[in-house]
file my_file.tsv (TSV, C-alpha atoms)
chain	number	residue	atom	x	y	z
A	1	MET	CA	-20.81	-6.17	8.58
A	2	ALA	CA	-20.94	-9.80	7.56
A	3	PHE	CA	-17.98	-10.64	5.35
A	4	ASP	CA	-18.18	-14.38	5.94
A	5	GLN	CA	-20.88	-14.89	3.32
A	6	PRO	CA	-19.67	-17.44	0.75
A	7	ASN	CA	-20.69	-15.28	-2.24
A	8	VAL	CA	-18.77	-12.21	-1.13
A	9	GLU	CA	-15.59	-11.79	-3.17
A	10	LYS	CA	-12.56	-10.80	-1.13
A	11	ILE	CA	-10.78	-7.51	-1.70
A	12	LYS	CA	-7.25	-8.26	-2.91
A	13	VAL	CA	-4.75	-5.94	-1.25
A	14	ALA	CA	-1.14	-5.55	-2.35
A	15	VAL	CA	1.07	-4.25	0.46
A	16	VAL	CA	3.96	-2.44	-1.23
A	17	MET	CA	7.09	-2.11	0.89
A	18	GLY	CA	8.87	1.19	0.40
A	19	SER	CA	12.45	0.44	1.40
A	20	THR	CA	15.28	-1.79	0.21
A	21	ARG	CA	17.91	-0.49	2.62
A	22	ALA	CA	19.94	-3.09	4.54
A	23	GLY	CA	18.69	-3.40	8.12
A	24	ARG	CA	15.50	-1.59	7.19
A	25	PHE	CA	12.80	-0.97	9.76
A	26	CYS	CA	10.18	-1.49	7.06
A	27	ASP	CA	10.15	-5.22	7.87
A	28	THR	CA	8.96	-4.50	11.41
A	29	VAL	CA	6.20	-2.12	10.35
A	30	THR	CA	5.06	-4.44	7.55
A	31	ALA	CA	4.96	-7.43	9.92
A	32	TRP	CA	2.74	-5.40	12.28
A	33	LEU	CA	0.44	-4.51	9.38
A	34	MET	CA	0.23	-8.11	8.16
A	35	SER	CA	-0.63	-9.36	11.64
A	36	ALA	CA	-3.57	-6.93	11.68
A	37	PHE	CA	-5.05	-8.74	8.68
A	38	GLU	CA	-5.25	-12.04	10.57
A	39	GLY	CA	-8.88	-13.00	11.03
A	40	ARG	CA	-10.12	-10.37	8.56
A	41	CYS	CA	-11.87	-12.58	6.03
A	42	GLU	CA	-12.90	-9.65	3.79
A	43	PHE	CA	-9.33	-9.24	2.51
A	44	SER	CA	-6.71	-11.40	0.82
A	45	VAL	CA	-3.26	-9.87	1.09
A	46	GLN	CA	0.09	-10.21	-0.67
A	47	VAL	CA	3.32	-8.31	-0.03
A	48	ILE	CA	5.33	-6.73	-2.83
A	49	ASP	CA	8.89	-6.28	-1.63
A	50	PRO	CA	11.11	-4.41	-4.12
A	51	ALA	CA	14.17	-5.97	-2.47
A	52	GLU	CA	12.98	-9.38	-3.69
A	53	LEU	CA	12.06	-8.40	-7.23
A	54	PRO	CA	14.56	-9.24	-9.96
A	55	MET	CA	14.70	-5.64	-11.16
A	56	PRO	CA	17.15	-4.97	-14.00
A	57	GLY	CA	19.14	-1.91	-14.90
A	58	TRP	CA	17.16	1.08	-16.15
A	59	ALA	CA	17.94	0.48	-19.85
A	60	ASP	CA	16.44	-3.02	-19.77
A	61	LEU	CA	13.30	-2.29	-17.78
A	62	GLN	CA	10.62	-2.77	-20.41
A	63	GLU	CA	11.94	-6.21	-21.39
A	64	SER	CA	12.37	-7.47	-17.86
A	65	ALA	CA	10.59	-10.53	-16.45
A	66	GLY	CA	10.74	-8.82	-13.05
A	67	VAL	CA	8.78	-5.84	-14.36
A	68	ALA	CA	6.24	-8.12	-16.02
A	69	GLU	CA	5.77	-9.96	-12.72
A	70	LEU	CA	5.41	-6.71	-10.81
A	71	ARG	CA	2.84	-5.33	-13.24
A	72	GLN	CA	0.82	-8.53	-13.09
A	73	ARG	CA	0.75	-8.48	-9.29
A	74	LEU	CA	-0.32	-4.84	-9.28
A	75	ASP	CA	-2.97	-5.53	-11.91
A	76	ASP	CA	-4.39	-8.40	-9.84
A	77	ALA	CA	-4.85	-6.15	-6.80
A	78	ASP	CA	-8.06	-4.29	-6.02
A	79	ALA	CA	-6.32	-1.95	-3.58
A	80	PHE	CA	-2.90	-1.02	-2.24
A	81	ILE	CA	-1.30	-0.16	1.06
A	82	VAL	CA	2.11	1.47	0.80
A	83	VAL	CA	4.40	1.06	3.80
A	84	THR	CA	6.84	3.94	3.52
A	85	PRO	CA	9.69	5.40	5.49
A	86	GLU	CA	10.69	9.02	5.11
A	87	TYR	CA	14.16	9.63	3.73
A	88	ASN	CA	15.27	13.26	3.54
A	89	HIS	CA	11.70	14.63	3.70
A	90	SER	CA	10.52	12.30	0.91
A	91	PHE	CA	9.95	8.68	-0.06
A	92	THR	CA	12.60	6.31	-1.37
A	93	GLY	CA	13.99	5.90	-4.85
A	94	ALA	CA	13.21	2.18	-4.71
A	95	LEU	CA	9.54	2.92	-4.10
A	96	LYS	CA	9.45	5.44	-6.95
A	97	THR	CA	10.94	2.83	-9.27
A	98	VAL	CA	8.23	0.33	-8.33
A	99	ILE	CA	5.53	2.95	-8.88
A	100	ASP	CA	6.94	4.08	-12.23
A	101	MET	CA	7.14	0.57	-13.67
A	102	ALA	CA	3.35	0.49	-14.09
A	103	TYR	CA	0.60	2.87	-15.11
A	104	GLU	CA	-2.80	1.40	-15.92
A	105	GLU	CA	-2.34	-1.19	-13.17
A	106	TRP	CA	-2.70	1.58	-10.54
A	107	GLN	CA	-5.67	3.32	-12.12
A	108	ALA	CA	-9.08	3.59	-10.44
A	109	LYS	CA	-7.92	1.76	-7.31
A	110	PRO	CA	-7.55	3.02	-3.73
A	111	VAL	CA	-4.21	3.50	-1.99
A	112	GLY	CA	-3.74	3.60	1.79
A	113	PHE	CA	-0.55	4.48	3.65
A	114	VAL	CA	1.33	3.23	6.70
A	115	SER	CA	4.29	5.54	7.28
A	116	TYR	CA	7.10	5.77	9.76
A	117	GLY	CA	10.05	7.94	10.54
A	118	GLY	CA	11.35	10.48	13.01
A	119	VAL	CA	9.36	13.40	14.33
A	120	SER	CA	7.10	13.60	11.26
A	121	GLY	CA	6.22	9.90	11.25
A	122	GLY	CA	6.74	9.73	7.49
A	123	LEU	CA	3.88	12.12	6.72
A	124	ARG	CA	6.01	14.25	4.41
A	125	ALA	CA	6.68	11.17	2.30
A	126	VAL	CA	2.95	10.40	2.23
A	127	GLU	CA	2.06	13.92	1.10
A	128	GLN	CA	4.43	13.60	-1.85
A	129	LEU	CA	3.12	10.15	-2.67
A	130	ARG	CA	-0.41	11.55	-2.86
A	131	LEU	CA	0.72	13.78	-5.74
A	132	VAL	CA	2.33	10.85	-7.55
A	133	PHE	CA	-0.72	8.61	-7.20
A	134	ALA	CA	-3.06	11.41	-8.31
A	135	GLU	CA	-1.09	11.51	-11.57
A	136	LEU	CA	-1.67	7.75	-11.88
A	137	HIS	CA	-5.46	8.20	-11.46
A	138	ALA	CA	-5.44	6.29	-8.18
A	139	VAL	CA	-7.55	7.32	-5.17
A	140	THR	CA	-5.55	7.97	-2.02
A	141	LEU	CA	-7.26	7.66	1.34
A	142	ARG	CA	-7.23	10.56	3.76
A	143	ASP	CA	-7.00	8.18	6.73
A	144	SER	CA	-3.59	6.64	7.29
A	145	VAL	CA	-1.36	5.18	10.01
A	146	SER	CA	1.78	7.03	11.04
A	147	PHE	CA	4.55	6.09	13.46
A	148	ALA	CA	6.59	9.05	14.72
A	149	SER	CA	9.90	8.03	16.34
A	150	ALA	CA	9.05	4.57	15.07
A	151	TRP	CA	12.12	2.86	16.54
A	152	ASN	CA	10.81	3.64	20.03
A	153	ARG	CA	7.26	2.48	19.28
A	154	PHE	CA	8.14	-1.20	18.82
A	155	ASP	CA	9.88	-3.51	21.26
A	156	GLU	CA	12.81	-5.82	20.48
A	157	HIS	CA	10.36	-8.52	19.30
A	158	GLY	CA	8.63	-6.22	16.82
A	159	GLN	CA	5.57	-5.81	19.02
A	160	LEU	CA	3.95	-2.39	19.06
A	161	ARG	CA	3.99	-0.66	22.42
A	162	GLU	CA	0.65	0.96	23.34
A	163	PRO	CA	-1.05	-0.28	20.16
A	164	GLU	CA	-4.55	1.09	20.75
A	165	ALA	CA	-4.26	4.35	18.80
A	166	ALA	CA	-2.50	2.74	15.82
A	167	GLU	CA	-5.00	-0.12	15.71
A	168	LYS	CA	-7.90	2.36	15.78
A	169	SER	CA	-6.34	4.32	12.89
A	170	LEU	CA	-5.70	1.14	10.92
A	171	ASN	CA	-9.25	-0.16	11.40
A	172	ARG	CA	-10.65	3.15	10.15
A	173	MET	CA	-8.32	3.09	7.15
A	174	LEU	CA	-9.15	-0.53	6.27
A	175	ALA	CA	-12.88	0.18	6.43
A	176	LYS	CA	-12.46	3.05	3.97
A	177	LEU	CA	-10.10	0.97	1.81
A	178	HIS	CA	-12.67	-1.82	1.62
A	179	TRP	CA	-15.45	0.61	0.64
A	180	TRP	CA	-13.42	2.29	-2.09
A	181	ALA	CA	-12.00	-1.00	-3.39
A	182	SER	CA	-15.48	-2.55	-3.63
A	183	ALA	CA	-17.00	0.49	-5.31
A	184	LEU	CA	-14.17	0.93	-7.79
A	185	ARG	CA	-13.97	-2.78	-8.61
A	186	ASP	CA	-17.69	-2.76	-9.44
A	187	ALA	CA	-17.20	0.35	-11.58
A	188	ARG	CA	-14.23	-1.17	-13.46
A	189	GLN	CA	-16.24	-4.33	-14.13
A	190	GLN	CA	-19.05	-2.29	-15.65
A	191	ARG	CA	-16.73	-0.14	-17.74
A	192	THR	CA	-12.95	-0.21	-17.86
A	193	TYR	CA	-11.28	3.00	-16.79
A	194	SER	CA	-9.41	3.25	-20.11
A	195	GLN	CA	-12.77	3.58	-21.88
A	196	VAL	CA	-13.72	6.74	-20.00
A	197	ALA	CA	-11.88	9.14	-22.29
call {"tool": "encode", "arguments": {"input": "my_file.tsv", "output": "structure tokens"}}
result
Amino acid sequence: MAFDQPNVEKIKVAVVMGSTRAGRFCDTVTAWLMSAFEGRCEFSVQVIDPAELPMPGWADLQESAGVAELRQRLDDADAFIVVTPEYNHSFTGALKTVIDMAYEEWQAKPVGFVSYGGVSGGLRAVEQLRLVFAELHAVTLRDSVSFASAWNRFDEHGQLREPEAAEKSLNRMLAKLHWWASALRDARQQRTYSQVA
């Protein structure tokens, strides 16, 4: 595939970090993901880190500049990749807050997942997230990347040990993400999703 053609519009991907916990491992997994985008000219990527958003208390959410900024960044994206840990067989409250602050901004766009955790590799969190994103009319990808016993998979410098399998899974997921993002962007440009019904 030739993505270096000057007339080809890049797919804008928002990487949504799923943890705000102090000392979080999410930074390591997200850094690995971002390094995989280097040299991939078909994508432009931004990170949405809930720990850096000026999120207010629940009662003030609709009036918040932080929420307005978040919604604009989500709206600008053609696709999403959620980097999620698994806490107590589910995803985090911080991630749910980020998801719930928007609605139409998620619609008719693809969502991929990079998960990590203990023995399950975060897959239980991903399965629950699929239900949430279905309610938001987003398209979740079957292909994902999962790191079981994640703390043992990366060295002290954040480099992935034995990266071949994870890189193969990521390349497959990004190819599908690009296809869905391109198709759905074209469809939204022809007719906005809110006009469907």
call {"tool": "atom_distance", "arguments": {"input": "my_file.tsv", "atom1": "atom CA of Arg124 of chain A", "atom2": "atom CA of Glu105 of chain A"}}
result
24.8 Å
call {"tool": "residues_around", "arguments": {"input": "my_file.tsv", "residues": "segment 16-33 of chain A", "least_positions_apart": "2", "cutoff": "7 Å", "atoms": "all atoms listed in the file", "output": "VMD selection string"}}
result
chain A and resid 14 35 to 37 47 to 51 81 to 85 92 94 to 95 158
call {"tool": "closest_residue", "arguments": {"input": "my_file.tsv", "among": "A:Leu70, A:Ala134, A:Val119, A:Leu174", "to": "Asn152 of chain A", "atoms": "all atoms listed in the file"}}
result
A:Val119
call {"tool": "atom_distance", "arguments": {"input": "my_file.tsv", "atom1": "atom CA of Gln107 of chain A", "atom2": "atom CA of Leu136 of chain A"}}
result
6.0 Å
call {"tool": "atom_distance", "arguments": {"input": "my_file.tsv", "atom1": "atom CA of Tyr87 of chain A", "atom2": "atom CA of Val132 of chain A"}}
result
16.4 Å
call {"tool": "closest_residue", "arguments": {"input": "my_file.tsv", "among": "A:Gly66, A:Gly122, A:Gly117, A:Pro163", "to": "Met101 of chain A", "atoms": "all atoms listed in the file"}}
result
A:Gly66
call {"tool": "closest_residue", "arguments": {"input": "my_file.tsv", "among": "A:Thr192, A:Gln72, A:Ser169, A:Ser120", "to": "Arg142 of chain A", "atoms": "all atoms listed in the file"}}
result
A:Ser169
call {"tool": "residues_around", "arguments": {"input": "my_file.tsv", "residues": "Glu162 of chain A", "least_positions_apart": "6", "cutoff": "12 Å", "atoms": "all atoms listed in the file", "output": "list in words"}}
result
Phe147, Asn152, Arg153, Phe154, Asp155 and Lys168 of chain A
call {"tool": "write_last_selection", "arguments": {"input": "my_file.tsv", "atoms": "C-alpha atoms", "output": "compact mmCIF listing (two decimals), in the frame of the given file"}}
result
# COMPACT_ATOMS: atom_id res chain seq x y z
CA PHE A 147 4.55 6.09 13.46
CA ASN A 152 10.81 3.64 20.03
CA ARG A 153 7.26 2.48 19.28
CA PHE A 154 8.14 -1.20 18.82
CA ASP A 155 9.88 -3.51 21.26
CA LYS A 168 -7.90 2.36 15.78
call {"tool": "residues_around", "arguments": {"input": "my_file.tsv", "residues": "Gly112 of chain A", "least_positions_apart": "4", "cutoff": "7 Å", "atoms": "all atoms listed in the file", "output": "list of chain:residue names"}}
result
A:Phe80, A:Ile81, A:Val82, A:Thr140, A:Leu141, A:Ser144, A:Leu177
call {"tool": "closest_residue", "arguments": {"input": "my_file.tsv", "among": "A:Ala125, A:Ile11, A:Val114, A:Ala102", "to": "His89 of chain A", "atoms": "all atoms listed in the file"}}
result
A:Ala125
call {"tool": "closest_residue", "arguments": {"input": "my_file.tsv", "among": "A:Ala183, A:Val145, A:Ala65, A:Leu123", "to": "Asn171 of chain A", "atoms": "only C-alpha atoms"}}
result
A:Val145
call {"tool": "closest_residue", "arguments": {"input": "my_file.tsv", "among": "A:Gly118, A:Gln195, A:Arg172, A:Val15", "to": "Asn88 of chain A", "atoms": "only C-alpha atoms"}}
result
A:Gly118
